[in-house]
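File shown here: work02.txt, holding compact mmCIF, C-alpha atoms.
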# COMPACT_ATOMS: atom_id res chain seq x y z
CA MET F 1 7.44 -30.85 23.01
CA MET F 2 10.67 -32.60 23.92
CA THR F 3 13.82 -30.75 24.59
CA ALA F 4 17.07 -31.56 22.88
CA GLU F 5 18.32 -33.37 25.96
CA GLN F 6 15.20 -35.48 26.15
CA GLN F 7 15.47 -36.36 22.42
CA ALA F 8 19.11 -37.37 22.88
CA ALA F 9 18.22 -39.50 25.92
CA ALA F 10 15.36 -41.18 24.01
CA ALA F 11 17.65 -41.91 21.02
CA LYS F 12 20.32 -43.37 23.32
CA ALA F 13 17.71 -45.55 25.08
CA ALA F 14 16.41 -46.81 21.71
CA HIS F 15 19.96 -47.59 20.53
CA ASP F 16 20.74 -49.43 23.80
CA ALA F 17 17.53 -51.44 23.47
CA PHE F 18 18.49 -52.36 19.85
CA LEU F 19 21.97 -53.53 20.92
CA ALA F 20 20.54 -55.54 23.83
CA LYS F 21 18.05 -57.25 21.51
CA LYS F 22 20.84 -57.98 18.97
CA LYS F 23 23.03 -59.55 21.71
CA ALA F 24 20.11 -61.67 22.90
CA LYS F 25 19.47 -63.00 19.36
CA ALA F 26 23.17 -63.80 18.86
CA ALA F 27 23.29 -65.66 22.18
CA ALA F 28 20.18 -67.61 21.23
CA ARG F 29 21.74 -68.61 17.89
CA ARG F 30 24.95 -69.79 19.59
CA ALA F 31 23.02 -71.88 22.07
CA LYS F 32 20.90 -73.49 19.34
CA PRO F 33 22.55 -76.54 17.63
CA GLU F 34 23.41 -76.09 13.96
CA ASP F 35 21.16 -77.66 11.40
CA LYS F 36 22.99 -80.22 9.29
CA ALA F 37 22.72 -79.74 5.56
CA GLU F 38 21.70 -83.00 3.98
CA LEU F 39 21.91 -83.92 0.34
CA GLY F 40 19.61 -86.74 -0.66
CA MET F 41 20.94 -89.88 -2.31
CA THR F 42 18.82 -89.18 -5.39
CA SER F 43 20.54 -85.83 -5.93
CA LEU F 44 23.97 -87.44 -5.62
CA MET F 45 23.07 -90.13 -8.12
CA ASP F 46 21.82 -87.48 -10.55
CA ILE F 47 25.13 -85.62 -10.29
CA VAL F 48 27.18 -88.79 -10.81
CA SER F 49 25.03 -89.85 -13.77
CA ILE F 50 25.45 -86.48 -15.45
CA LEU F 51 29.23 -86.57 -14.96
CA VAL F 52 29.52 -90.10 -16.36
CA ILE F 53 27.41 -89.24 -19.42
CA TYR F 54 29.44 -86.08 -20.05
CA LEU F 55 32.76 -87.93 -19.82
CA LEU F 56 31.57 -90.74 -22.09
CA LYS F 57 30.29 -88.32 -24.72
CA SER F 58 33.44 -86.21 -24.67
CA TYR F 59 35.66 -89.31 -24.90
CA ALA F 60 33.62 -90.96 -27.64
CA SER F 61 33.35 -87.84 -29.79
CA ASP F 62 37.05 -87.63 -30.65
CA PRO F 63 38.90 -90.93 -30.37
CA VAL F 64 42.05 -89.62 -32.04
CA VAL F 65 43.76 -86.42 -31.01
CA ILE F 66 46.57 -85.16 -33.24
CA ASN F 67 48.85 -82.36 -32.04
CA PRO F 68 50.98 -81.19 -34.97
CA THR F 69 54.63 -80.37 -34.39
CA ALA F 70 55.74 -76.75 -34.18
CA GLY F 71 55.53 -74.96 -37.52
CA GLN F 72 53.73 -77.81 -39.27
CA LYS F 73 50.92 -76.83 -41.64
CA ILE F 74 48.38 -79.62 -42.04
CA PRO F 75 46.77 -79.66 -45.52
CA PHE F 76 43.11 -78.74 -46.03
CA SER F 77 40.67 -81.12 -47.68
CA ALA F 78 37.00 -81.51 -48.48
CA ALA F 79 37.19 -85.11 -47.23
CA ASP F 80 34.20 -86.12 -45.16
CA ALA F 81 35.50 -89.24 -43.37
CA SER F 82 36.66 -89.00 -39.78
CA ILE F 83 40.15 -90.10 -38.87
CA GLN F 84 40.49 -93.65 -37.57
CA ASP F 85 42.64 -94.79 -34.69
CA GLY F 86 46.25 -95.58 -35.54
CA MET F 87 49.85 -94.68 -34.83
CA PRO F 88 50.72 -91.15 -35.93
CA VAL F 89 53.91 -90.32 -37.78
CA PHE F 90 54.70 -86.62 -38.27
CA VAL F 91 56.38 -85.75 -41.55
CA THR F 92 57.42 -82.12 -41.96
CA THR F 93 59.82 -80.34 -44.27
CA ARG F 94 62.39 -80.42 -41.43
CA ALA F 95 62.09 -83.88 -39.82
CA ILE F 96 60.20 -87.14 -39.42
CA THR F 97 58.94 -87.81 -35.89
CA PHE F 98 57.46 -91.06 -34.59
CA GLN F 99 56.46 -91.84 -30.98
CA ASP F 100 57.72 -88.39 -29.91
CA LYS F 101 61.20 -89.15 -31.25
CA LYS F 102 62.80 -87.18 -34.07
CA LEU F 103 64.18 -90.02 -36.16
CA VAL F 104 65.07 -88.47 -39.51
CA THR F 105 66.22 -85.01 -40.51
CA MET F 106 65.43 -83.41 -43.83
CA THR F 107 67.72 -81.40 -46.09
CA PRO F 108 67.06 -77.68 -46.52
CA ASP F 109 65.30 -78.57 -49.84
CA GLY F 110 62.77 -80.74 -47.94
CA ASP F 111 64.24 -84.08 -49.04
CA ILE F 112 65.10 -86.89 -46.65
CA ASP F 113 68.77 -86.97 -45.67
CA PRO F 114 70.34 -89.25 -48.33
CA ALA F 115 72.50 -90.99 -45.71
CA MET F 116 69.33 -92.35 -44.06
CA VAL F 117 67.62 -93.68 -47.21
CA GLN F 118 68.54 -96.74 -49.23
CA ASN F 119 66.24 -97.85 -52.07
CA HIS F 120 63.31 -95.84 -50.62
CA LEU F 121 63.76 -97.54 -47.21
CA ILE F 122 64.40 -95.07 -44.36
CA GLY F 123 66.59 -97.01 -41.91
CA PRO F 124 65.87 -95.36 -38.52
CA LEU F 125 62.17 -95.04 -39.33
CA PHE F 126 61.96 -98.71 -40.39
CA ASP F 127 63.53 -99.80 -37.08
CA ALA F 128 61.05 -97.73 -35.06
CA PHE F 129 58.09 -98.88 -37.16
CA SER F 130 59.11 -102.55 -36.85
CA GLU F 131 59.56 -102.33 -33.09
CA GLU F 132 56.19 -100.64 -32.62
CA ALA F 133 54.46 -103.06 -35.00
CA ASP F 134 55.81 -106.03 -33.02
CA LYS F 135 54.50 -104.52 -29.75
CA ALA F 136 51.10 -103.78 -31.29
CA LYS F 137 50.83 -107.28 -32.77
CA GLN F 138 51.63 -108.83 -29.39
CA MET F 139 49.01 -106.67 -27.66
CA SER F 140 46.39 -107.53 -30.29
CA GLU F 141 47.20 -111.22 -29.99
CA ASN F 142 46.81 -111.05 -26.20
CA ARG F 143 43.39 -109.43 -26.62
CA GLY F 144 42.32 -111.97 -29.22
CA LYS F 145 41.94 -109.38 -31.96
CA GLU F 146 43.53 -109.01 -35.36
CA TRP F 147 46.17 -106.29 -35.69
CA GLU F 148 44.93 -103.57 -38.04
CA GLY F 149 48.32 -102.13 -38.90
CA ARG F 150 47.01 -98.59 -39.38
CA LEU F 151 49.32 -95.60 -39.59
CA ILE F 152 48.23 -91.95 -39.48
CA ILE F 153 50.37 -89.79 -41.74
CA VAL F 154 50.45 -86.23 -40.41
CA GLY F 155 52.11 -84.47 -43.33
CA ASP F 156 52.96 -80.88 -44.07
CA GLN F 157 51.38 -78.88 -46.91
CA LEU F 158 54.83 -78.29 -48.41
CA LEU F 159 55.98 -81.92 -48.13
CA LYS F 160 57.59 -83.34 -51.25
CA PHE F 161 55.87 -86.33 -52.80
CA SER F 162 59.14 -88.27 -52.97
CA ALA F 163 59.51 -87.99 -49.17
CA LEU F 164 55.95 -89.22 -48.72
CA VAL F 165 56.61 -92.18 -51.03
CA ASP F 166 59.69 -93.14 -48.98
CA VAL F 167 57.72 -92.95 -45.70
CA LEU F 168 54.88 -95.09 -47.12
CA TYR F 169 57.31 -97.64 -48.58
CA THR F 170 59.09 -97.90 -45.22
CA ALA F 171 55.76 -98.33 -43.41
CA GLY F 172 54.74 -101.07 -45.83
CA ARG F 173 57.99 -102.95 -45.25
CA ALA F 174 57.31 -102.75 -41.49
CA GLU F 175 53.93 -104.47 -42.15
CA PHE F 176 51.64 -101.46 -41.77
CA LYS F 177 48.77 -102.21 -44.16
CA GLU F 178 46.51 -99.16 -43.87
CA TYR F 179 47.31 -95.47 -44.10
CA THR F 180 45.17 -92.56 -43.01
CA PHE F 181 46.16 -89.04 -43.95
CA CYS F 182 45.50 -86.33 -41.40
CA VAL F 183 43.85 -83.28 -42.99
CA ILE F 184 41.86 -80.30 -41.80
CA ARG F 185 38.29 -80.33 -43.09
CA LYS F 186 37.34 -77.22 -45.05
CA ALA F 187 34.35 -75.42 -43.58
As structure tokens:
Amino acid sequence: MMTAEQQAAAAKAAHDAFLAKKKAKAAARRAKPEDKAELGMTSLMDIVSILVIYLLKSYASDPVVINPTAGQKIPFSAADASIQDGMPVFVTTRAITFQDKKLVTMTPDGDIDPAMVQNHLIGPLFDAFSEEADKAKQMSENRGKEWEGRLIIVGDQLLKFSALVDVLYTAGRAEFKEYTFCVIRKA
């Protein structure tokens, strides 16, 4: 049988041998050149193909993105047609916004400010519509396509019909021919 001193000496010798072996392995690893990780060209092409397909699908699935103005409540509908591309105009009970510019203010009753309307024509809105229509026509002409003249009306649930009529009349005078109403599809 081993004495306590002999057991301690044997344990210390085993520990020293373990540390020496560990140092030898570490030295061998440092001396050995690192293996280079290689990614085959096929794997890279697979990754790129997947990314391209994902981006195309996500872009093609929703061509028109409408972000309503603060506090605007878009009406619900059972309509089944998807919204078509066009220029959005935001009509709320507080203001009319086009191209991120608040052009017309509404009265507290939800009517268009009478100083801005003359015979259903909304002056500042007509100017903005006409300017944008001219730009769009020029771009369409340069591309060799016919200008569609489509406007997306993003109205509020509480919008008065008379205000909507004035906006549509003004758009028609600015040569917009088609109107699409933005609604939320009922589930």
To one decimal place, how far is CA of Val165 (chain F) from CA of Gln118 (chain F) in Å?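 Atom-to-atom, CA of Val165 (chain F) and CA of Gln118 (chain F) are spaced 12.9 Å apart.
Counting from CA of Asp111 (chain F), the distance to CA of Ala163 (chain F) is 6.1 Å.
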Nearest to Gly149 (chain F) by atom-to-atom distance, counting only C-alpha atoms, from F:Leu164, F:Val117, F:Pro88, F:Arg185: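 Ranking F:Leu164, F:Val117, F:Pro88, F:Arg185 by distance to Gly149 (chain F), first place goes to F:Pro88.
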Nearest to Ile74 (chain F) by atom-to-atom distance, counting all atoms listed in the file, from F:Ala174, F:Ile53, F:Ala8, F:Leu158: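 Among F:Ala174, F:Ile53, F:Ala8, F:Leu158, it is F:Leu158 that comes nearest to Ile74 (chain F).
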Distance in Å - CA of Thr93 (chain F) versus CA of Asp166 (chain F):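 Taking CA of Thr93 (chain F) as the start and CA of Asp166 (chain F) as the end point, the length is 13.6 Å.
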Hey, which of F:Gly110, F:Lys101, F:Gly40, F:Lys12 ends up closest to Phe161 (chain F)? Count all atoms listed in the file. F:Gly110
Which of these, F:Gly155, F:Lys160, F:Asn142, F:Thr170, has the shortest distance to Phe76 (chain F) once you count only C-alpha atoms? F:Gly155
Give me, as a tab-separated table (two decimals) with C-alpha atoms, in the coordinates of the input, all polymer residues having an atom no more than 12 Å from Met116 (chain F), counting only C-alpha atoms and skipping those fewer than 6 positions away in the same chain.
chain	number	residue	atom	x	y	z
F	95	ALA	CA	62.09	-83.88	-39.82
F	96	ILE	CA	60.20	-87.14	-39.42
F	103	LEU	CA	64.18	-90.02	-36.16
F	104	VAL	CA	65.07	-88.47	-39.51
F	105	THR	CA	66.22	-85.01	-40.51
F	106	MET	CA	65.43	-83.41	-43.83
F	107	THR	CA	67.72	-81.40	-46.09
F	122	ILE	CA	64.40	-95.07	-44.36
F	123	GLY	CA	66.59	-97.01	-41.91
F	124	PRO	CA	65.87	-95.36	-38.52
F	125	LEU	CA	62.17	-95.04	-39.33
F	126	PHE	CA	61.96	-98.71	-40.39
F	127	ASP	CA	63.53	-99.80	-37.08
F	163	ALA	CA	59.51	-87.99	-49.17
F	166	ASP	CA	59.69	-93.14	-48.98
F	167	VAL	CA	57.72	-92.95	-45.70
F	170	THR	CA	59.09	-97.90	-45.22
Could you check which of F:Ala24, F:Met2, F:Leu159, F:Leu44 is closest to Asp109 (chain F), using only C-alpha atoms?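 Of F:Ala24, F:Met2, F:Leu159, F:Leu44, the one nearest Asp109 (chain F) is F:Leu159, counting only C-alpha atoms.
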Of F:Ala78, F:Ala28, F:Lys73, F:Ala10, the one sitting nearest Thr92 (chain F) when using all atoms listed in the file is F:Lys73
For Gly86 (chain F), find every residue with an atom within 8 Å (counting all atoms listed in the file), except residues of its own chain fewer than 4 positions away, and show them as a PyMOL selection string. chain F and resi 149-152
